[in-house]
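Novice: Contents of protein-v9.cif (mmCIF, C-alpha atoms) are given next:
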data_start
loop_
_atom_site.label_atom_id
_atom_site.label_comp_id
_atom_site.auth_asym_id
_atom_site.auth_seq_id
_atom_site.Cartn_x
_atom_site.Cartn_y
_atom_site.Cartn_z
CA MET O 1 54.38 -63.25 -38.21
CA ALA O 2 55.11 -60.02 -36.35
CA PRO O 3 56.75 -57.32 -38.44
CA PRO O 4 60.49 -56.82 -37.81
CA PHE O 5 61.47 -54.15 -35.34
CA GLY O 6 61.92 -50.78 -36.97
CA SER O 7 59.69 -51.54 -39.94
CA GLY O 8 57.37 -48.72 -38.95
CA GLN O 9 54.32 -50.97 -38.72
CA ARG O 10 54.29 -51.49 -34.99
CA LEU O 11 51.63 -49.68 -33.04
CA HIS O 12 51.61 -48.36 -29.53
CA ALA O 13 48.95 -49.64 -27.16
CA GLY O 14 45.53 -48.31 -28.16
CA GLU O 15 46.58 -47.21 -31.62
CA VAL O 16 44.44 -48.17 -34.57
CA GLN O 17 45.98 -49.29 -37.84
CA ASP O 18 43.00 -49.49 -40.17
CA VAL O 19 42.52 -45.77 -40.74
CA ASP O 20 42.14 -43.45 -43.72
CA ASN O 21 44.06 -40.26 -44.25
CA PHE O 22 41.60 -37.35 -44.01
CA ALA O 23 44.35 -34.75 -43.58
CA PRO O 24 43.10 -31.40 -44.95
CA GLU O 25 46.35 -31.02 -46.90
CA VAL O 26 45.47 -34.24 -48.75
CA LEU O 27 41.78 -33.50 -49.36
CA MET O 28 42.07 -29.82 -50.23
CA LYS O 29 43.48 -28.11 -53.29
CA PRO O 30 46.71 -26.18 -52.65
CA GLU O 31 44.93 -22.83 -52.94
CA GLU O 32 42.29 -23.99 -50.42
CA VAL O 33 45.06 -24.94 -47.99
CA LYS O 34 46.43 -21.45 -48.39
CA ILE O 35 43.03 -19.90 -47.71
CA ALA O 36 42.48 -22.18 -44.69
CA ARG O 37 45.85 -21.27 -43.17
CA SER O 38 45.16 -17.61 -43.79
CA LEU O 39 41.71 -17.83 -42.15
CA ILE O 40 43.24 -19.48 -39.09
CA ARG O 41 46.14 -17.00 -38.93
CA ARG O 42 43.91 -13.94 -39.30
CA LYS O 43 41.60 -14.95 -36.44
CA PRO O 44 41.86 -12.26 -33.76
CA THR O 45 42.94 -13.34 -30.29
CA PHE O 46 40.50 -13.45 -27.37
CA GLU O 47 42.15 -10.33 -25.94
CA GLU O 48 41.69 -8.47 -29.20
CA MET O 49 38.01 -9.48 -29.33
CA GLY O 50 37.42 -8.67 -25.68
CA ILE O 51 36.14 -12.16 -24.90
CA GLY O 52 35.27 -12.35 -21.22
CA LEU O 53 34.20 -8.73 -21.07
CA LEU O 54 30.62 -7.54 -20.99
CA GLU O 55 29.28 -6.20 -24.28
CA LYS O 56 29.04 -2.66 -22.92
CA SER O 57 32.62 -2.82 -21.58
CA ARG O 58 34.12 -3.62 -25.00
CA THR O 59 35.87 -0.92 -26.96
CA PRO O 60 34.80 -0.23 -30.57
CA LYS O 61 38.05 -1.83 -31.70
CA GLN O 62 37.26 -5.00 -29.75
CA ARG O 63 33.73 -5.08 -31.17
CA ALA O 64 35.06 -4.80 -34.71
CA ALA O 65 37.59 -7.56 -34.02
CA HIS O 66 34.80 -9.75 -32.60
CA ALA O 67 32.66 -9.29 -35.71
CA ARG O 68 35.69 -10.01 -37.90
CA GLY O 69 36.44 -13.16 -35.87
CA LEU O 70 32.87 -14.45 -36.28
CA GLU O 71 32.98 -13.84 -40.03
CA LEU O 72 36.30 -15.72 -40.28
CA ASP O 73 34.77 -18.61 -38.30
CA ARG O 74 31.86 -18.71 -40.73
CA GLN O 75 34.13 -18.73 -43.77
CA ARG O 76 36.36 -21.45 -42.29
CA SER O 77 33.36 -23.60 -41.45
CA ALA O 78 31.91 -23.13 -44.95
CA LEU O 79 35.24 -24.15 -46.49
CA ALA O 80 35.43 -27.24 -44.26
CA ASN O 81 31.85 -28.26 -45.13
CA GLU O 82 32.50 -27.83 -48.84
CA VAL O 83 35.76 -29.79 -48.89
CA LEU O 84 34.49 -32.67 -46.74
CA MET O 85 31.33 -33.03 -48.81
CA ARG O 86 33.25 -32.95 -52.08
CA SER O 87 36.09 -35.26 -51.09
CA CYS O 88 34.41 -37.88 -48.93
CA GLY O 89 30.68 -37.15 -48.74
CA LEU O 90 30.68 -36.00 -45.11
CA GLU O 91 27.78 -33.63 -44.42
CA ILE O 92 26.29 -31.94 -41.44
CA TYR O 93 23.53 -33.79 -39.51
CA MET O 94 25.17 -37.14 -40.26
CA VAL O 95 25.57 -39.51 -37.33
CA LEU O 96 29.23 -40.49 -37.21
CA HIS O 97 31.48 -42.96 -35.45
CA ILE O 98 35.05 -41.71 -35.64
CA VAL O 99 38.00 -43.79 -34.47
CA ARG O 100 41.24 -41.85 -34.63
CA ASP O 101 44.61 -43.45 -35.25
CA ASP O 102 45.53 -42.89 -31.59
CA GLY O 103 42.50 -44.93 -30.48
CA PHE O 104 40.31 -41.98 -29.50
CA GLU O 105 36.67 -42.78 -30.30
CA LEU O 106 33.84 -40.35 -30.95
CA TRP O 107 30.11 -41.01 -31.40
CA ILE O 108 28.62 -37.79 -32.64
CA GLN O 109 25.97 -36.15 -34.78
CA ALA O 110 27.84 -33.49 -36.75
CA HIS O 111 26.31 -30.02 -36.66
CA GLU O 112 29.37 -28.16 -37.88
CA PHE O 113 32.76 -28.90 -39.39
CA ASP O 114 35.73 -26.65 -38.91
CA LEU O 115 39.45 -26.47 -39.59
CA ARG O 116 42.05 -26.04 -36.88
CA PRO O 117 45.79 -26.31 -36.43
CA MET O 118 46.72 -29.83 -35.41
CA GLY O 119 50.03 -31.37 -34.45
CA ALA O 120 53.38 -29.83 -35.22
CA PHE O 121 54.78 -28.27 -38.42
CA ASN O 122 51.77 -26.06 -39.16
CA GLN O 123 49.56 -29.06 -40.00
CA LEU O 124 45.79 -28.76 -40.27
CA GLY O 125 43.07 -30.97 -38.87
CA TRP O 126 39.29 -31.22 -39.05
CA GLN O 127 37.13 -30.35 -36.11
CA VAL O 128 33.62 -31.74 -35.80
CA ILE O 129 31.13 -30.09 -33.44
CA GLY O 130 27.72 -31.52 -32.62
CA VAL O 131 25.86 -33.62 -30.08
CA ALA O 132 26.92 -36.91 -28.51
CA LEU O 133 25.08 -40.16 -29.08
CA ARG O 134 23.60 -41.98 -26.11
CA ARG O 135 24.66 -45.50 -25.12
CA ASP O 136 21.86 -46.96 -27.25
CA LYS O 137 23.22 -44.87 -30.15
CA SER O 138 20.20 -42.59 -30.28
CA ILE O 139 20.90 -38.90 -30.76
CA GLY O 140 21.38 -37.19 -27.43
CA LEU O 141 21.40 -33.60 -26.21
CA ARG O 142 24.90 -33.25 -24.72
CA GLY O 143 27.29 -31.13 -26.77
CA GLU O 144 30.29 -32.99 -28.16
CA TYR O 145 33.25 -32.11 -30.31
CA GLY O 146 36.49 -33.65 -31.47
CA SER O 147 39.16 -33.33 -34.08
CA PHE O 148 40.63 -35.83 -36.48
CA SER O 149 43.05 -36.17 -39.32
CA ALA O 150 43.79 -39.88 -39.77
CA ALA O 151 40.76 -41.88 -38.70
CA ARG O 152 38.29 -44.60 -39.51
CA ILE O 153 34.90 -42.98 -40.02
CA GLU O 154 31.55 -44.70 -40.27
CA ARG O 155 28.17 -43.06 -40.75
CA ARG O 156 24.74 -44.33 -39.79
CA GLN O 157 22.39 -44.49 -42.73
CA LEU O 158 18.66 -43.99 -42.44
CA ASP O 159 18.05 -47.73 -42.74
CA GLY O 160 20.22 -48.26 -39.66
CA ARG O 161 23.30 -49.67 -41.40
CA TRP O 162 26.72 -48.25 -40.62
CA THR O 163 28.81 -47.61 -43.72
CA ARG O 164 32.42 -46.61 -43.89
CA ILE O 165 33.34 -43.22 -45.28
CA GLN O 166 36.58 -42.97 -47.21
CA PRO O 167 38.20 -40.22 -49.24
CA SER O 168 37.14 -40.53 -52.86
CA GLY O 169 39.59 -41.29 -55.63
CA GLU O 170 39.16 -37.87 -57.26
CA LEU O 171 41.37 -35.98 -54.88
CA PRO O 172 43.26 -32.91 -56.05
CA MET G 173 1.06 -48.87 -33.16
CA ARG G 174 3.70 -51.57 -33.44
CA LEU G 175 6.74 -51.57 -35.71
CA GLU G 176 8.56 -54.75 -36.68
CA PRO G 177 12.27 -54.55 -35.80
CA GLY G 178 14.41 -54.36 -38.92
CA LEU G 179 11.46 -53.43 -41.16
CA VAL G 180 12.19 -50.00 -42.65
CA ARG G 181 9.35 -47.48 -43.06
CA PHE G 182 9.79 -44.46 -45.35
CA GLY G 183 13.29 -45.91 -45.86
CA VAL G 184 14.05 -45.38 -42.16
CA ALA G 185 14.80 -48.05 -39.58
CA PRO G 186 12.24 -48.16 -36.72
CA GLU G 187 15.01 -47.63 -34.15
CA ILE G 188 15.69 -44.25 -35.82
CA LEU G 189 12.13 -43.37 -36.84
CA VAL G 190 10.46 -43.68 -33.42
CA PRO G 191 12.91 -41.44 -31.47
CA ALA G 192 12.80 -38.96 -34.37
CA ALA G 193 8.98 -38.95 -34.25
CA GLN G 194 9.15 -38.35 -30.48
CA TRP G 195 11.52 -35.43 -31.03
CA LEU G 196 9.34 -33.87 -33.73
CA ALA G 197 6.02 -34.54 -31.97
CA ASP G 198 7.28 -32.50 -29.00
CA ARG G 199 7.51 -29.42 -31.21
CA HIS G 200 4.67 -27.13 -32.21
CA SER G 201 6.05 -26.99 -35.74
CA PHE G 202 9.30 -27.98 -37.37
CA GLY G 203 11.32 -27.43 -40.51
CA ILE G 204 13.59 -29.55 -42.66
CA TYR G 205 16.61 -28.78 -40.45
CA ASP G 206 14.77 -30.02 -37.36
CA ALA G 207 13.87 -33.21 -39.25
CA ALA G 208 17.50 -33.67 -40.31
CA ARG G 209 18.58 -33.17 -36.70
CA ALA G 210 16.02 -35.71 -35.50
CA LEU G 211 16.73 -38.36 -38.14
CA GLY G 212 20.50 -37.89 -38.17
CA ALA G 213 20.85 -37.57 -41.92
CA PRO G 214 21.67 -34.76 -44.34
CA ILE G 215 18.93 -32.58 -45.80
CA ARG G 216 18.93 -34.25 -49.24
CA GLU G 217 18.14 -37.65 -47.65
CA VAL G 218 15.53 -36.27 -45.27
CA GLU G 219 13.44 -34.47 -47.92
CA PRO G 220 12.00 -37.68 -49.48
CA VAL G 221 11.21 -39.04 -46.02
CA LEU G 222 9.23 -35.91 -45.14
CA CYS G 223 7.40 -36.09 -48.49
CA ALA G 224 6.44 -39.73 -47.81
CA MET G 225 5.31 -38.89 -44.26
CA GLN G 226 3.23 -36.01 -45.58
CA ALA G 227 1.65 -38.22 -48.24
CA GLU G 228 0.64 -40.76 -45.57
CA GLY G 229 -0.77 -38.08 -43.25
CA PHE G 230 1.83 -38.17 -40.49
CA ILE G 231 2.66 -34.49 -40.97
CA GLU G 232 0.97 -31.52 -42.56
CA GLU G 233 2.48 -28.44 -44.13
CA GLU G 234 1.62 -25.44 -41.96
CA ALA G 235 3.55 -22.86 -43.99
CA PRO G 236 6.09 -23.19 -46.79
CA SER G 237 8.77 -25.59 -45.46
CA ARG G 238 7.14 -25.68 -41.99
CA PHE G 239 5.33 -28.80 -40.84
CA VAL G 240 3.11 -29.81 -37.94
CA GLY G 241 2.66 -33.33 -36.63
CA THR G 242 -0.75 -34.99 -36.79
CA ALA G 243 -2.30 -37.55 -34.43
CA LYS G 244 -0.62 -40.24 -36.55
CA LEU G 245 2.79 -38.77 -35.73
CA ASN G 246 1.91 -39.00 -32.03
CA GLN G 247 0.96 -42.65 -32.55
CA LEU G 248 4.29 -43.23 -34.29
CA ALA G 249 6.11 -41.51 -31.41
CA ASN G 250 4.45 -43.91 -28.97
CA ALA G 251 4.91 -46.96 -31.19
CA LYS G 252 6.53 -50.09 -29.80
CA ILE G 253 9.32 -51.77 -31.69
CA SER G 254 8.69 -55.45 -31.19
CA ALA G 255 8.12 -58.62 -33.13
CA GLY G 256 4.75 -58.91 -31.41
CA LEU G 257 3.12 -61.55 -29.32
CA SER G 258 1.37 -64.62 -30.72
CA ARG G 259 -2.10 -65.34 -29.36
CA ALA G 260 -0.96 -68.60 -27.78
CA GLU G 261 1.89 -66.77 -26.04
CA ALA G 262 -0.53 -64.06 -24.88
CA ASP G 263 -2.91 -66.71 -23.46
CA ALA G 264 -0.03 -68.35 -21.61
CA LEU G 265 1.09 -64.98 -20.24
CA LEU G 266 -2.45 -64.13 -19.12
CA ALA G 267 -2.70 -67.45 -17.29
CA ARG G 268 0.57 -66.68 -15.51
CA VAL G 269 -0.65 -63.19 -14.59
CA LEU G 270 -3.87 -64.62 -13.11
CA GLU G 271 -1.85 -67.17 -11.17
CA LYS G 272 0.36 -64.34 -9.87
CA ALA G 273 -2.73 -62.35 -8.84
CA ARG G 274 -3.99 -65.31 -6.79
CA GLN G 275 -0.55 -65.61 -5.21
CA ILE G 276 -0.54 -61.87 -4.35
CA ASN G 277 -3.94 -62.12 -2.70
CA SER G 278 -2.81 -65.11 -0.64
CA GLN G 279 0.29 -63.32 0.71
CA PRO G 280 -0.90 -60.12 2.45
CA ASP G 281 2.33 -59.90 4.48
CA VAL G 282 4.45 -59.78 1.28
CA TYR G 283 2.05 -57.71 -0.84
CA PRO G 284 0.15 -55.15 1.27
CA CYS G 285 -2.14 -54.27 -1.65
CA CYS G 286 -4.25 -57.05 -3.09
CA VAL G 287 -5.73 -57.42 -6.57
CA GLY G 288 -9.45 -56.66 -6.71
CA GLY G 289 -9.92 -57.25 -10.41
CA ILE G 290 -8.13 -57.53 -13.73
CA VAL G 291 -9.52 -56.62 -17.12
CA VAL G 292 -7.96 -57.27 -20.49
CA PHE G 293 -8.32 -54.79 -23.35
CA GLY G 294 -6.62 -53.67 -26.56
CA SER G 295 -5.44 -56.01 -29.29
CA TYR G 296 -6.16 -59.11 -27.17
CA LEU G 297 -9.88 -58.59 -27.78
CA SER G 298 -9.39 -58.30 -31.54
CA GLU G 299 -9.13 -61.12 -34.04
CA GLN G 300 -5.49 -60.40 -34.88
CA PRO G 301 -3.23 -63.48 -34.76
CA VAL G 302 -0.25 -61.39 -33.57
CA LEU G 303 -0.74 -58.85 -30.79
CA GLY G 304 1.31 -55.79 -29.90
CA ASP G 305 1.37 -56.64 -26.21
CA LEU G 306 -0.94 -57.86 -23.46
CA ASP G 307 -2.84 -54.82 -22.12
CA LEU G 308 -4.23 -55.22 -18.63
CA GLY G 309 -6.22 -52.92 -16.40
CA VAL G 310 -5.82 -53.72 -12.71
CA HIS G 311 -7.86 -52.66 -9.71
CA VAL G 312 -5.62 -52.67 -6.68
CA ILE G 313 -7.20 -52.57 -3.23
CA GLU G 314 -5.17 -50.84 -0.59
CA PRO G 315 -5.64 -51.95 3.04
CA ARG G 316 -7.30 -49.58 5.48
CA GLN G 317 -4.50 -47.49 6.97
CA THR G 318 -4.02 -45.73 10.25
CA ARG G 319 -2.97 -42.07 10.28
CA GLU G 320 0.65 -43.08 11.01
CA GLU G 321 0.73 -45.56 8.12
CA SER G 322 -0.71 -42.98 5.73
CA PHE G 323 1.87 -40.48 6.92
CA LYS G 324 4.65 -43.03 6.31
CA ILE G 325 3.41 -43.64 2.78
CA VAL G 326 3.29 -39.92 2.01
CA LYS G 327 6.82 -39.52 3.39
CA ALA G 328 8.04 -42.44 1.26
CA MET G 329 6.33 -40.94 -1.80
CA MET G 330 7.97 -37.56 -1.20
CA ALA G 331 11.34 -39.27 -0.81
CA GLY G 332 10.86 -40.84 -4.24
CA ARG G 333 10.40 -44.37 -2.93
CA SER G 334 7.85 -46.72 -4.42
CA LEU G 335 4.35 -47.07 -3.00
CA PRO G 336 2.90 -50.35 -1.68
CA ALA G 337 0.65 -50.59 -4.76
CA ASP G 338 3.71 -50.40 -7.03
CA LYS G 339 4.89 -53.74 -5.68
CA THR G 340 1.64 -55.35 -6.80
CA TYR G 341 1.80 -53.75 -10.24
CA ALA G 342 5.44 -54.80 -10.65
CA ALA G 343 4.63 -58.40 -9.66
CA LEU G 344 1.83 -58.55 -12.25
CA ARG G 345 4.21 -57.42 -14.97
CA LEU G 346 6.13 -60.70 -14.48
CA ARG G 347 9.38 -58.87 -15.30
CA GLN G 348 8.27 -58.70 -18.93
CA PRO G 349 7.51 -54.99 -19.43
CA LYS G 350 7.85 -55.29 -23.21
CA LYS G 351 5.14 -57.96 -23.38
CA ILE G 352 2.79 -57.01 -20.54
CA SER G 353 1.44 -53.50 -20.18
CA VAL G 354 -0.27 -52.87 -16.83
CA HIS G 355 -2.60 -49.88 -16.43
CA ALA G 356 -4.79 -48.67 -13.60
CA LEU G 357 -8.39 -49.74 -14.03
CA HIS G 358 -9.80 -46.20 -13.83
CA GLU G 359 -7.54 -45.22 -16.77
CA VAL G 360 -9.02 -48.01 -18.90
CA ILE G 361 -12.55 -46.94 -17.97
CA GLU G 362 -11.74 -43.29 -18.69
CA LEU G 363 -10.41 -44.30 -22.11
CA GLY G 364 -13.79 -45.76 -22.95
CA THR G 365 -12.18 -48.71 -24.70
CA PRO G 366 -13.91 -52.12 -24.58
CA PHE G 367 -12.56 -54.55 -22.00
CA ARG G 368 -13.30 -57.98 -20.55
CA VAL G 369 -13.07 -58.92 -16.88
CA VAL G 370 -10.76 -61.91 -16.42
CA PHE G 371 -10.15 -61.83 -12.67
CA GLY G 372 -12.21 -60.77 -9.65
CA GLU G 373 -14.90 -58.19 -10.20
CA LEU G 374 -15.17 -54.52 -11.00
CA PRO G 375 -15.51 -52.10 -8.08
CA PRO G 376 -18.78 -50.09 -7.98
CA ASP G 377 -16.93 -46.86 -8.78
CA PRO G 378 -13.29 -47.36 -9.79
CA ARG G 379 -12.84 -43.60 -10.31
CA SER G 380 -13.54 -42.78 -6.68
CA SER G 381 -10.16 -43.98 -5.46
CA ARG G 382 -6.93 -42.76 -7.07
CA SER G 383 -4.94 -45.33 -5.10
CA ASP G 384 -4.87 -47.72 -8.05
CA ARG G 385 -2.69 -45.44 -10.19
CA PRO G 386 0.65 -47.07 -11.10
CA ARG G 387 3.75 -44.94 -10.96
CA GLY G 388 6.33 -44.72 -13.71
#
Have the structure of the file written as C-alpha cells, please.
Specialist:
Amino acid sequence: MAPPFGSGQRLHAGEVQDVDNFAPEVLMKPEEVKIARSLIRRKPTFEEMGIGLLEKSRTPKQRAAHARGLELDRQRSALANEVLMRSCGLEIYMVLHIVRDDGFELWIQAHEFDLRPMGAFNQLGWQVIGVALRRDKSIGLRGEYGSFSAARIERRQLDGRWTRIQPSGELP
Amino acid sequence: MRLEPGLVRFGVAPEILVPAAQWLADRHSFGIYDAARALGAPIREVEPVLCAMQAEGFIEEEAPSRFVGTAKLNQLANAKISAGLSRAEADALLARVLEKARQINSQPDVYPCCVGGIVVFGSYLSEQPVLGDLDLGVHVIEPRQTREESFKIVKAMMAGRSLPADKTYAALRLRQPKKISVHALHEVIELGTPFRVVFGELPPDPRSSRSDRPRG
C-alpha cells in the first residue's frame, strides 16, 4: 500500500530510497567537524592565489597564498581519508559504485577523497576524485569526480564481487 | 594462456587480473601504488597478490618496492578468459572453416581473394582434451591487379577501409572471434611453431608476399 500523503516517505522521480547516511557530520567527531570547517574556510580564493596568472606574474603574496592553499588541500584530503577509512572502510584505489539519494550514479576508482561544502546551512559533503570505469567496468583513463552525502555505495572486491559499504556501528 | 571465467587466481578474478597485467606489462617497472591502481584495490589487499605473483615468477623485484614484469606477466596480459573449446567442438569448427574456404574459392565475384592454404597449429595439435581456441594460419591469394586496381586498394587502405583480403579472413572466422583465431601464414612460419596443413597446399615462399597479413 502506498504511504499516505505527507508521511515524508514519498520520493521524487529518480530518487533512491535505499541509501546510507555518510554525512561528514555523522561520521566525524565534533572536533574533526570543526577542523574540517576551518580548513574549508581558510582556503584562499583563486584571486588571492593568483590562479590563472603565469608563475612569473604572481606576486610574492599570491605565491604564499598558493602554497598555503595547497597545504590546506593536503590536510583536508588526509582528514577525509582517515575518517572514511575509520568509519566505513573506504580507501583510495577502491573501485566504487555510488548511487546518491537524488539518483545520480557514479562508477569510479577513487584516487583521492576530500571534504567540501554541500547543500545549505553550512553542511559538509564528501568529494571523491579518480578515474571513471569503462562500460565493461574495467578501470579507464578518463578523470572523474563526484560528491556524496547520503548514498548507496558498493565496492568491487578483488574476486570480482560487489559488496555494499555502510557506516560502521562505532560512530562517534 | 587461458583463464577459466570465475576461477580466481592469486585471489583475483580473471576479469580484473588480465587488464591489470596488461596495464603493468606496459610499464618498464612499477611499484605497489601502480599495482593498486591497476587492480583497483587498496594497498593492504594488493601486497599479498604481488607476493604471490613474485613467488610464481610473474614479476621480479628490481629494487626495493619496485618490480618488473617477466615473460609470464606478458603471457598473462595476453591471456584469454574463456571456458575453452572441447576437441569435438574444435573438429566441428574446423570442418565448417574448411567448408567456408571451399565456398570462398567458388565465389570469386563475392570474395576477390581466394584461400590458397590453411594450416592448424597451437593447442589443436596437442593431446589436451580442452583447447584454448582454434588457431589457424591462412594463405590468401590476391588476384593479379591492374595499376588502377592497386591504386584503388591503396586509397581505400589510406582511408581506413578494409582490404579485399580482410573479407576472406573475416569469413573464415565464422563470426566466432573468441573461438577461432586466424593468422597470416607467414606469421605462423616466422613463429617456428609446428603446424599441419589441412586445406590446399603451402606456397613455395609464403614470406615473399605480405598481402596475406590480416588487419586488426
Novice: Please write the residues picked by the PyMOL selection byres ((chain G and resi 301) around 12) on this file as a count of residues only.
Specialist: 18
Novice: For chain G, work out the contacting residues on chain O at 8 Å, counting only C-alpha atoms, and write them as a ChimeraX atom specification.
Specialist: /O:91-95,109,138-139,156-160
Novice: Check which residues satisfy the PyMOL selection byres ((chain O and resi 15-22) around 8) in the file shown, then give them as a list in words.
Specialist: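 Residues picked by the PyMOL selection byres ((chain O and resi 15-22) around 8): Leu11, His12, Ala13, Gly14, Ala23, Pro24, Val26, Leu27, Val99, Arg100, Asp101, Asp102, Gly103, Phe148, Ser149, Ala150, Ala151, Arg152, Gln166 and Pro167 of chain O.
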Novice: Using only C-alpha atoms, which of the listed residues (O:Ser147, O:Lys34, O:Cys88, O:Arg41) sits closest to Ser168 of chain O?
Specialist: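 Once distances to Ser168 of chain O are computed over only C-alpha atoms, the minimum belongs to O:Cys88.
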Novice: Given all atoms listed in the file as the basis, pick out the residue of O:Arg116, O:Lys43, O:Arg86, O:Arg63 nearest to Lys29 of chain O.
Specialist: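 Using all atoms listed in the file, the shortest distance to Lys29 of chain O belongs to O:Arg86.
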Novice: What is the distance between atom CA of Gly143 of chain O and atom CA of Trp195 of chain G, in Å to one decimal?
Specialist: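 Those two atoms sit 16.9 Å apart.
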Novice: Expanded to explicit residues, what is the PyMOL selection byres ((chain G and resi 274-289) around 9) for this file, as JSON, numbers by chain?
Specialist: {"G": [269, 270, 271, 272, 273, 290, 291, 309, 310, 311, 312, 313, 314, 315, 336, 337, 338, 339, 340, 343, 344, 357, 369, 370, 371, 372, 373, 374, 375]}
Novice: May I ask you to restore N, CA and C atoms in segment 222-233 of chain G and write the result as a PDB file, in the frame of the given file?
Specialist:
ATOM      1  N   LEU G 222      10.296 -36.836 -45.534  1.00  0.00           N
ATOM      2  CA  LEU G 222       9.230 -35.910 -45.140  1.00  0.00           C
ATOM      3  C   LEU G 222       8.085 -35.942 -46.149  1.00  0.00           C
ATOM      4  N   CYS G 223       8.446 -36.028 -47.445  1.00  0.00           N
ATOM      5  CA  CYS G 223       7.400 -36.090 -48.490  1.00  0.00           C
ATOM      6  C   CYS G 223       6.530 -37.331 -48.282  1.00  0.00           C
ATOM      7  N   ALA G 224       7.188 -38.479 -48.007  1.00  0.00           N
ATOM      8  CA  ALA G 224       6.440 -39.730 -47.810  1.00  0.00           C
ATOM      9  C   ALA G 224       5.573 -39.634 -46.560  1.00  0.00           C
ATOM     10  N   MET G 225       6.096 -39.028 -45.501  1.00  0.00           N
ATOM     11  CA  MET G 225       5.310 -38.890 -44.260  1.00  0.00           C
ATOM     12  C   MET G 225       4.123 -37.970 -44.479  1.00  0.00           C
ATOM     13  N   GLN G 226       4.331 -36.940 -45.286  1.00  0.00           N
ATOM     14  CA  GLN G 226       3.230 -36.010 -45.580  1.00  0.00           C
ATOM     15  C   GLN G 226       2.156 -36.701 -46.412  1.00  0.00           C
ATOM     16  N   ALA G 227       2.608 -37.521 -47.372  1.00  0.00           N
ATOM     17  CA  ALA G 227       1.650 -38.220 -48.240  1.00  0.00           C
ATOM     18  C   ALA G 227       0.808 -39.209 -47.427  1.00  0.00           C
ATOM     19  N   GLU G 228       1.389 -39.778 -46.372  1.00  0.00           N
ATOM     20  CA  GLU G 228       0.640 -40.760 -45.570  1.00  0.00           C
ATOM     21  C   GLU G 228      -0.075 -40.124 -44.377  1.00  0.00           C
ATOM     22  N   GLY G 229      -0.001 -38.788 -44.273  1.00  0.00           N
ATOM     23  CA  GLY G 229      -0.770 -38.080 -43.250  1.00  0.00           C
ATOM     24  C   GLY G 229      -0.148 -38.045 -41.874  1.00  0.00           C
ATOM     25  N   PHE G 230       1.159 -38.269 -41.793  1.00  0.00           N
ATOM     26  CA  PHE G 230       1.830 -38.170 -40.490  1.00  0.00           C
ATOM     27  C   PHE G 230       2.159 -36.721 -40.150  1.00  0.00           C
ATOM     28  N   ILE G 231       2.394 -35.919 -41.185  1.00  0.00           N
ATOM     29  CA  ILE G 231       2.660 -34.490 -40.970  1.00  0.00           C
ATOM     30  C   ILE G 231       1.868 -33.686 -41.984  1.00  0.00           C
ATOM     31  N   GLU G 232       1.661 -32.424 -41.643  1.00  0.00           N
ATOM     32  CA  GLU G 232       0.970 -31.520 -42.560  1.00  0.00           C
ATOM     33  C   GLU G 232       1.802 -30.258 -42.709  1.00  0.00           C
ATOM     34  N   GLU G 233       1.728 -29.666 -43.895  1.00  0.00           N
ATOM     35  CA  GLU G 233       2.480 -28.440 -44.130  1.00  0.00           C
ATOM     36  C   GLU G 233       1.694 -27.264 -43.562  1.00  0.00           C
TER      37      GLU G 233
END
